[in-house]
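Next comes query_4.txt, a file with compact mmCIF, N, CA and C atoms.
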# COMPACT_ATOMS: atom_id res chain seq x y z
N MET M 1 -17.11 19.88 1.15
CA MET M 1 -17.32 18.55 0.61
C MET M 1 -16.42 17.54 1.34
N ASP M 2 -17.01 16.44 1.76
CA ASP M 2 -16.25 15.39 2.44
C ASP M 2 -15.42 14.61 1.44
N VAL M 3 -14.21 14.27 1.84
CA VAL M 3 -13.33 13.46 0.99
C VAL M 3 -13.63 11.99 1.26
N ILE M 4 -13.80 11.25 0.21
CA ILE M 4 -14.05 9.81 0.34
C ILE M 4 -12.77 9.13 0.78
N THR M 5 -12.86 8.36 1.85
CA THR M 5 -11.72 7.60 2.36
C THR M 5 -12.12 6.14 2.51
N VAL M 6 -11.24 5.26 2.10
CA VAL M 6 -11.43 3.83 2.27
C VAL M 6 -10.34 3.35 3.21
N GLU M 7 -10.72 2.75 4.33
CA GLU M 7 -9.76 2.17 5.26
C GLU M 7 -10.17 0.74 5.56
N GLN M 8 -9.16 -0.11 5.65
CA GLN M 8 -9.44 -1.52 5.92
C GLN M 8 -8.29 -2.10 6.75
N PRO M 9 -8.60 -2.64 7.92
CA PRO M 9 -7.55 -3.32 8.68
C PRO M 9 -7.14 -4.60 7.95
N ALA M 10 -5.90 -4.97 8.10
CA ALA M 10 -5.40 -6.19 7.46
C ALA M 10 -4.34 -6.82 8.35
N GLN M 11 -4.30 -8.13 8.31
CA GLN M 11 -3.26 -8.87 9.01
C GLN M 11 -2.23 -9.34 7.99
N ALA M 12 -0.98 -9.21 8.36
CA ALA M 12 0.11 -9.64 7.48
C ALA M 12 1.07 -10.49 8.29
N GLN M 13 1.96 -11.12 7.59
CA GLN M 13 3.05 -11.87 8.22
C GLN M 13 4.35 -11.21 7.79
N LEU M 14 5.10 -10.69 8.75
CA LEU M 14 6.42 -10.16 8.49
C LEU M 14 7.37 -11.34 8.42
N ILE M 15 8.12 -11.45 7.33
CA ILE M 15 9.05 -12.57 7.14
C ILE M 15 10.44 -12.07 7.52
N THR M 16 11.03 -12.69 8.53
CA THR M 16 12.36 -12.28 8.99
C THR M 16 13.44 -12.92 8.12
N ALA M 17 14.67 -12.49 8.33
CA ALA M 17 15.81 -13.04 7.60
C ALA M 17 15.98 -14.53 7.87
N ASP M 18 15.46 -15.01 9.03
CA ASP M 18 15.53 -16.43 9.38
C ASP M 18 14.29 -17.20 8.94
N ASP M 19 13.48 -16.60 8.06
CA ASP M 19 12.23 -17.20 7.58
C ASP M 19 11.21 -17.47 8.69
N VAL M 20 11.25 -16.66 9.72
CA VAL M 20 10.25 -16.72 10.78
C VAL M 20 9.14 -15.75 10.41
N GLU M 21 7.88 -16.18 10.59
CA GLU M 21 6.74 -15.32 10.28
C GLU M 21 6.21 -14.70 11.58
N ILE M 22 6.15 -13.37 11.59
CA ILE M 22 5.66 -12.63 12.75
C ILE M 22 4.37 -11.92 12.34
N PRO M 23 3.27 -12.16 13.05
CA PRO M 23 2.01 -11.48 12.71
C PRO M 23 2.13 -9.97 12.93
N VAL M 24 1.62 -9.21 11.98
CA VAL M 24 1.65 -7.75 12.03
C VAL M 24 0.30 -7.21 11.59
N SER M 25 -0.20 -6.25 12.33
CA SER M 25 -1.42 -5.56 11.93
C SER M 25 -1.05 -4.38 11.03
N ALA M 26 -1.90 -4.09 10.08
CA ALA M 26 -1.71 -2.95 9.20
C ALA M 26 -3.07 -2.36 8.87
N THR M 27 -3.06 -1.14 8.37
CA THR M 27 -4.28 -0.53 7.87
C THR M 27 -4.03 -0.12 6.43
N LEU M 28 -4.87 -0.60 5.53
CA LEU M 28 -4.83 -0.21 4.13
C LEU M 28 -5.69 1.04 4.01
N ARG M 29 -5.19 2.06 3.32
CA ARG M 29 -5.91 3.33 3.27
C ARG M 29 -5.83 3.96 1.89
N TYR M 30 -6.95 4.56 1.49
CA TYR M 30 -7.07 5.23 0.20
C TYR M 30 -7.93 6.47 0.39
N THR M 31 -7.54 7.59 -0.20
CA THR M 31 -8.37 8.79 -0.16
C THR M 31 -8.57 9.31 -1.57
N ALA M 32 -9.79 9.78 -1.83
CA ALA M 32 -10.12 10.28 -3.16
C ALA M 32 -9.36 11.55 -3.51
N ASP M 33 -8.84 12.27 -2.50
CA ASP M 33 -8.07 13.48 -2.82
C ASP M 33 -6.63 13.16 -3.26
N ASP M 34 -6.22 11.91 -3.16
CA ASP M 34 -4.94 11.44 -3.69
C ASP M 34 -5.24 10.13 -4.42
N PRO M 35 -5.98 10.21 -5.52
CA PRO M 35 -6.59 9.03 -6.13
C PRO M 35 -5.65 8.04 -6.81
N LEU M 36 -4.42 8.42 -7.00
CA LEU M 36 -3.48 7.51 -7.67
C LEU M 36 -2.70 6.65 -6.70
N ALA M 37 -2.84 6.93 -5.39
CA ALA M 37 -2.00 6.28 -4.39
C ALA M 37 -2.81 5.47 -3.39
N VAL M 38 -2.16 4.47 -2.84
CA VAL M 38 -2.68 3.74 -1.68
C VAL M 38 -1.62 3.83 -0.59
N ARG M 39 -2.08 3.65 0.64
CA ARG M 39 -1.17 3.71 1.78
C ARG M 39 -1.32 2.44 2.61
N VAL M 40 -0.20 2.03 3.18
CA VAL M 40 -0.22 0.93 4.14
C VAL M 40 0.41 1.48 5.41
N ASP M 41 -0.41 1.56 6.47
CA ASP M 41 0.04 2.08 7.76
C ASP M 41 0.38 0.92 8.68
N PHE M 42 1.55 0.99 9.30
CA PHE M 42 1.97 -0.01 10.27
C PHE M 42 2.10 0.65 11.64
N PRO M 43 1.63 -0.01 12.69
CA PRO M 43 1.73 0.57 14.04
C PRO M 43 3.17 0.60 14.53
N ALA M 44 3.41 1.38 15.56
CA ALA M 44 4.77 1.56 16.10
C ALA M 44 5.44 0.24 16.46
N GLU M 45 4.66 -0.70 17.02
CA GLU M 45 5.28 -1.96 17.45
C GLU M 45 5.77 -2.82 16.28
N ALA M 46 5.37 -2.48 15.07
CA ALA M 46 5.80 -3.24 13.90
C ALA M 46 6.98 -2.59 13.18
N ALA M 47 7.45 -1.45 13.69
CA ALA M 47 8.50 -0.69 13.01
C ALA M 47 9.82 -0.74 13.78
N LEU M 48 10.90 -0.64 13.06
CA LEU M 48 12.23 -0.67 13.67
C LEU M 48 12.45 0.48 14.63
N GLU M 49 11.99 1.67 14.28
CA GLU M 49 12.23 2.86 15.08
C GLU M 49 11.22 3.05 16.20
N GLY M 50 10.22 2.18 16.28
CA GLY M 50 9.22 2.31 17.32
C GLY M 50 8.22 3.43 17.08
N GLU M 51 8.10 3.88 15.83
CA GLU M 51 7.14 4.90 15.44
C GLU M 51 6.31 4.36 14.29
N GLU M 52 5.07 4.86 14.19
CA GLU M 52 4.22 4.43 13.08
C GLU M 52 4.91 4.70 11.75
N VAL M 53 4.67 3.80 10.79
CA VAL M 53 5.27 3.92 9.47
C VAL M 53 4.16 3.82 8.43
N THR M 54 4.23 4.68 7.43
CA THR M 54 3.28 4.62 6.31
C THR M 54 4.06 4.49 5.02
N TRP M 55 3.70 3.50 4.23
CA TRP M 55 4.25 3.34 2.89
C TRP M 55 3.18 3.80 1.90
N ILE M 56 3.58 4.62 0.94
CA ILE M 56 2.67 5.14 -0.08
C ILE M 56 3.20 4.69 -1.44
N PHE M 57 2.30 4.12 -2.23
CA PHE M 57 2.69 3.69 -3.58
C PHE M 57 1.48 3.72 -4.49
N ALA M 58 1.70 3.53 -5.77
CA ALA M 58 0.65 3.65 -6.78
C ALA M 58 -0.41 2.57 -6.62
N ARG M 59 -1.66 3.00 -6.72
CA ARG M 59 -2.78 2.05 -6.70
C ARG M 59 -2.63 1.05 -7.84
N SER M 60 -2.16 1.51 -8.99
CA SER M 60 -1.97 0.62 -10.14
C SER M 60 -0.91 -0.45 -9.86
N LEU M 61 0.08 -0.13 -9.02
CA LEU M 61 1.10 -1.12 -8.66
C LEU M 61 0.47 -2.25 -7.85
N LEU M 62 -0.40 -1.91 -6.92
CA LEU M 62 -1.10 -2.95 -6.16
C LEU M 62 -1.95 -3.80 -7.09
N ASP M 63 -2.65 -3.17 -8.00
CA ASP M 63 -3.48 -3.89 -8.96
C ASP M 63 -2.64 -4.87 -9.78
N GLN M 64 -1.53 -4.40 -10.31
CA GLN M 64 -0.65 -5.26 -11.12
C GLN M 64 -0.03 -6.37 -10.28
N GLY M 65 0.41 -6.03 -9.08
CA GLY M 65 1.10 -6.98 -8.23
C GLY M 65 0.23 -8.11 -7.71
N LEU M 66 -1.07 -7.93 -7.74
CA LEU M 66 -1.97 -9.02 -7.36
C LEU M 66 -2.03 -10.10 -8.42
N ARG M 67 -1.65 -9.77 -9.65
CA ARG M 67 -1.71 -10.72 -10.77
C ARG M 67 -0.36 -11.26 -11.20
N ALA M 68 0.69 -10.43 -11.07
CA ALA M 68 2.02 -10.81 -11.55
C ALA M 68 3.05 -9.93 -10.84
N PRO M 69 4.32 -10.35 -10.83
CA PRO M 69 5.34 -9.50 -10.19
C PRO M 69 5.33 -8.09 -10.79
N ALA M 70 5.37 -7.08 -9.90
CA ALA M 70 5.30 -5.69 -10.35
C ALA M 70 6.16 -4.83 -9.45
N GLY M 71 6.60 -3.73 -10.00
CA GLY M 71 7.35 -2.75 -9.23
C GLY M 71 8.85 -2.93 -9.36
N HIS M 72 9.53 -1.91 -8.95
CA HIS M 72 10.99 -1.92 -8.86
C HIS M 72 11.36 -0.82 -7.88
N GLY M 73 12.56 -0.86 -7.40
CA GLY M 73 12.96 0.16 -6.44
C GLY M 73 12.41 -0.11 -5.05
N ASP M 74 11.78 0.89 -4.44
CA ASP M 74 11.37 0.83 -3.04
C ASP M 74 10.21 -0.11 -2.75
N VAL M 75 9.32 -0.33 -3.70
CA VAL M 75 8.14 -1.17 -3.47
C VAL M 75 8.01 -2.18 -4.60
N GLN M 76 7.92 -3.45 -4.20
CA GLN M 76 7.70 -4.53 -5.17
C GLN M 76 6.60 -5.42 -4.62
N ILE M 77 5.76 -5.92 -5.53
CA ILE M 77 4.61 -6.73 -5.13
C ILE M 77 4.50 -7.91 -6.07
N TRP M 78 4.19 -9.09 -5.51
CA TRP M 78 3.98 -10.25 -6.37
C TRP M 78 3.09 -11.28 -5.67
N PRO M 79 2.39 -12.07 -6.49
CA PRO M 79 1.57 -13.16 -5.93
C PRO M 79 2.48 -14.24 -5.35
N TYR M 80 2.00 -14.86 -4.27
CA TYR M 80 2.73 -15.97 -3.67
C TYR M 80 1.72 -17.10 -3.50
N GLY M 81 1.69 -17.99 -4.47
CA GLY M 81 0.65 -19.00 -4.50
C GLY M 81 -0.67 -18.36 -4.90
N HIS M 82 -1.77 -19.02 -4.57
CA HIS M 82 -3.08 -18.51 -4.96
C HIS M 82 -3.73 -17.67 -3.87
N THR M 83 -3.21 -17.75 -2.65
CA THR M 83 -3.91 -17.10 -1.54
C THR M 83 -3.15 -15.96 -0.88
N ARG M 84 -1.90 -15.75 -1.24
CA ARG M 84 -1.11 -14.71 -0.59
C ARG M 84 -0.45 -13.79 -1.62
N THR M 85 -0.14 -12.59 -1.15
CA THR M 85 0.58 -11.61 -1.96
C THR M 85 1.70 -11.04 -1.10
N VAL M 86 2.86 -10.90 -1.69
CA VAL M 86 4.02 -10.37 -0.97
C VAL M 86 4.20 -8.90 -1.33
N LEU M 87 4.41 -8.09 -0.31
CA LEU M 87 4.79 -6.69 -0.48
C LEU M 87 6.19 -6.55 0.10
N GLU M 88 7.10 -6.04 -0.71
CA GLU M 88 8.49 -5.86 -0.29
C GLU M 88 8.79 -4.38 -0.28
N PHE M 89 9.18 -3.86 0.88
CA PHE M 89 9.47 -2.44 1.05
C PHE M 89 10.96 -2.27 1.34
N HIS M 90 11.60 -1.37 0.58
CA HIS M 90 13.02 -1.07 0.78
C HIS M 90 13.16 0.35 1.32
N SER M 91 14.01 0.52 2.33
CA SER M 91 14.32 1.85 2.85
C SER M 91 15.82 1.91 3.13
N PRO M 92 16.35 3.09 3.41
CA PRO M 92 17.78 3.18 3.75
C PRO M 92 18.13 2.34 4.98
N ARG M 93 17.15 2.05 5.83
CA ARG M 93 17.38 1.28 7.06
C ARG M 93 17.26 -0.22 6.86
N GLY M 94 16.77 -0.64 5.70
CA GLY M 94 16.65 -2.07 5.48
C GLY M 94 15.48 -2.45 4.59
N LEU M 95 15.06 -3.69 4.75
CA LEU M 95 14.05 -4.29 3.90
C LEU M 95 12.99 -4.92 4.77
N ALA M 96 11.73 -4.77 4.36
CA ALA M 96 10.63 -5.45 5.04
C ALA M 96 9.89 -6.29 4.01
N LEU M 97 9.69 -7.56 4.31
CA LEU M 97 9.01 -8.49 3.43
C LEU M 97 7.76 -8.96 4.17
N LEU M 98 6.59 -8.66 3.60
CA LEU M 98 5.33 -8.99 4.26
C LEU M 98 4.43 -9.78 3.33
N GLN M 99 3.76 -10.77 3.89
CA GLN M 99 2.76 -11.54 3.13
C GLN M 99 1.39 -11.15 3.65
N PHE M 100 0.52 -10.77 2.72
CA PHE M 100 -0.87 -10.43 3.03
C PHE M 100 -1.78 -11.46 2.38
N PRO M 101 -2.95 -11.70 2.96
CA PRO M 101 -3.94 -12.51 2.25
C PRO M 101 -4.34 -11.77 0.97
N ALA M 102 -4.21 -12.42 -0.16
CA ALA M 102 -4.55 -11.78 -1.44
C ALA M 102 -5.99 -11.32 -1.45
N SER M 103 -6.88 -12.08 -0.81
CA SER M 103 -8.30 -11.71 -0.80
C SER M 103 -8.53 -10.37 -0.10
N ALA M 104 -7.79 -10.09 0.96
CA ALA M 104 -7.93 -8.82 1.67
C ALA M 104 -7.47 -7.66 0.79
N LEU M 105 -6.36 -7.85 0.08
CA LEU M 105 -5.86 -6.80 -0.81
C LEU M 105 -6.82 -6.57 -1.97
N ARG M 106 -7.35 -7.66 -2.53
CA ARG M 106 -8.32 -7.52 -3.63
C ARG M 106 -9.58 -6.79 -3.18
N ARG M 107 -10.08 -7.15 -2.01
CA ARG M 107 -11.28 -6.50 -1.47
C ARG M 107 -11.04 -5.00 -1.28
N PHE M 108 -9.89 -4.65 -0.72
CA PHE M 108 -9.54 -3.25 -0.54
C PHE M 108 -9.46 -2.54 -1.89
N LEU M 109 -8.77 -3.14 -2.84
CA LEU M 109 -8.62 -2.53 -4.15
C LEU M 109 -9.98 -2.30 -4.82
N LEU M 110 -10.86 -3.28 -4.74
CA LEU M 110 -12.20 -3.12 -5.32
C LEU M 110 -12.95 -1.96 -4.65
N ARG M 111 -12.79 -1.83 -3.35
CA ARG M 111 -13.43 -0.72 -2.63
C ARG M 111 -12.88 0.63 -3.10
N THR M 112 -11.57 0.69 -3.42
CA THR M 112 -11.00 1.96 -3.91
C THR M 112 -11.57 2.29 -5.29
N TYR M 113 -11.79 1.26 -6.12
CA TYR M 113 -12.34 1.50 -7.46
C TYR M 113 -13.82 1.88 -7.38
N THR M 114 -14.49 1.48 -6.31
CA THR M 114 -15.86 1.94 -6.10
C THR M 114 -15.86 3.42 -5.73
N ALA M 115 -14.87 3.83 -4.94
CA ALA M 115 -14.75 5.24 -4.54
C ALA M 115 -14.36 6.12 -5.72
N VAL M 116 -13.35 5.70 -6.47
CA VAL M 116 -12.89 6.43 -7.66
C VAL M 116 -12.51 5.38 -8.71
N ALA M 117 -13.28 5.32 -9.76
CA ALA M 117 -13.05 4.32 -10.81
C ALA M 117 -11.72 4.55 -11.50
N ALA M 118 -11.12 3.47 -11.97
CA ALA M 118 -9.88 3.57 -12.74
C ALA M 118 -10.14 4.43 -13.97
N GLY M 119 -9.25 5.36 -14.23
CA GLY M 119 -9.40 6.26 -15.36
C GLY M 119 -10.19 7.52 -15.03
N GLN M 120 -10.82 7.55 -13.85
CA GLN M 120 -11.61 8.72 -13.44
C GLN M 120 -10.89 9.57 -12.39
N GLU M 121 -9.63 9.27 -12.14
CA GLU M 121 -8.87 10.02 -11.15
C GLU M 121 -8.68 11.46 -11.62
N ASP M 122 -8.75 12.39 -10.69
CA ASP M 122 -8.54 13.81 -10.99
C ASP M 122 -7.04 14.08 -11.00
N VAL M 123 -6.39 13.71 -12.09
CA VAL M 123 -4.93 13.84 -12.19
C VAL M 123 -4.52 15.31 -12.16
N ALA M 124 -5.27 16.18 -12.83
CA ALA M 124 -4.93 17.61 -12.82
C ALA M 124 -4.96 18.16 -11.40
N GLY M 125 -5.94 17.74 -10.62
CA GLY M 125 -6.02 18.19 -9.23
C GLY M 125 -4.84 17.71 -8.41
N VAL M 126 -4.43 16.46 -8.64
CA VAL M 126 -3.28 15.89 -7.92
C VAL M 126 -2.02 16.69 -8.25
N VAL M 127 -1.82 16.98 -9.53
CA VAL M 127 -0.64 17.75 -9.95
C VAL M 127 -0.68 19.15 -9.36
N GLU M 128 -1.84 19.79 -9.40
CA GLU M 128 -1.97 21.14 -8.85
C GLU M 128 -1.66 21.16 -7.35
N ARG M 129 -2.21 20.22 -6.60
CA ARG M 129 -1.94 20.16 -5.16
C ARG M 129 -0.47 19.86 -4.89
N GLY M 130 0.13 18.98 -5.67
CA GLY M 130 1.54 18.65 -5.51
C GLY M 130 2.44 19.85 -5.78
N LEU M 131 2.15 20.58 -6.85
CA LEU M 131 2.95 21.77 -7.16
C LEU M 131 2.76 22.85 -6.10
N SER M 132 1.54 23.00 -5.61
CA SER M 132 1.27 23.98 -4.57
C SER M 132 2.05 23.64 -3.30
N ALA M 133 2.06 22.35 -2.95
CA ALA M 133 2.82 21.94 -1.76
C ALA M 133 4.32 22.13 -1.97
N LEU M 134 4.78 21.84 -3.17
CA LEU M 134 6.22 21.97 -3.48
C LEU M 134 6.67 23.42 -3.41
N PHE M 135 5.86 24.30 -3.96
CA PHE M 135 6.26 25.72 -4.02
C PHE M 135 5.64 26.57 -2.92
N GLY M 136 4.97 25.92 -1.96
CA GLY M 136 4.43 26.64 -0.81
C GLY M 136 3.38 27.67 -1.15
N GLY M 137 2.58 27.39 -2.17
CA GLY M 137 1.49 28.30 -2.51
C GLY M 137 1.95 29.58 -3.20
N VAL M 138 3.19 29.61 -3.72
CA VAL M 138 3.73 30.79 -4.40
C VAL M 138 3.02 31.00 -5.71
Would you mind writing the file's structure down as C-alpha cells?
Amino acid sequence: MDVITVEQPAQAQLITADDVEIPVSATLRYTADDPLAVRVDFPAEAALEGEEVTWIFARSLLDQGLRAPAGHGDVQIWPYGHTRTVLEFHSPRGLALLQFPASALRRFLLRTYTAVAAGQEDVAGVVERGLSALFGGV
C-alpha cells in the first residue's frame, strides 16, 4: 500500500537579528504514516551548518498557530498581520525566525486534512511504530 504524502514548496523570509529579511525556500511535508506531525525541510544553503535541516512538529500546532499564538519550547507559531505567519524554531545552536505567507500554510494544512482528516489519525499505529523504533523491534 502506498503511503499518502503531501508536499508543497513554500517561500519564507528569514528574519535576522538586524531585522533583515532573507528569502528562503522550504518544503512543507506531511505523510499519512506519521499523521500527527508536519515537517518543514530547509535546503543546505538556508542552514547554519550547511546541511539540510528538517523541523518536525504537531500538525495541530500549525493549525492553532495560524489563528493565535501557539506552542512553547522549540517551536512557536503565531499570526503576523492578516497575510503572514511566523514560525520560530529554537535549537542548541540558536534561533530561527521565519515568516511564511499564511495562505500557503493554510493551503498545505487543508491538503493534509484531505489526506487524513482531523480525528481520523491512526494514533495506535503511530505509538506502535514509535515503540518498535525505540526498542529496536524487541
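Of note, atom N of Leu97 of chain M and atom N of His82 of chain M are spaced 18.5 Å apart.
Take the candidates M:Phe57, M:Phe89, M:Phe108, M:Tyr80 and check each one against Leu28 of chain M using only N, CA and C atoms; the shortest distance goes to M:Phe108.
The spacing separating atom CA of Leu36 of chain M from atom CA of Gly65 of chain M amounts to 15.2 Å.
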Q: If you run DSSP over the backbone, which residues in chain M end up strand (DSSP E or B)? Put them as number ranges by chain.
A: M: 5-15, 21-31, 37-42, 53-58, 70-72, 75-80, 84-91, 94-101
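In terms of minimum interatomic distance to Phe42 of chain M, M:Val24 ranks closest within M:Leu62, M:Leu110, M:Val24, M:Ala104, counting all atoms listed in the file.
For the pair atom C of Ala68 of chain M and atom N of Val116 of chain M, the separation is 23.1 Å.
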Quick one: what's the axis-aligned box for segment 111-117 of chain M, all listed atoms, 8 Å on every side, centre and edges in Å to one decimal, as JSON?
{"center_x": -13.4, "center_y": 2.3, "center_z": -7.1, "size_x": 20.9, "size_y": 24.3, "size_z": 24.9}
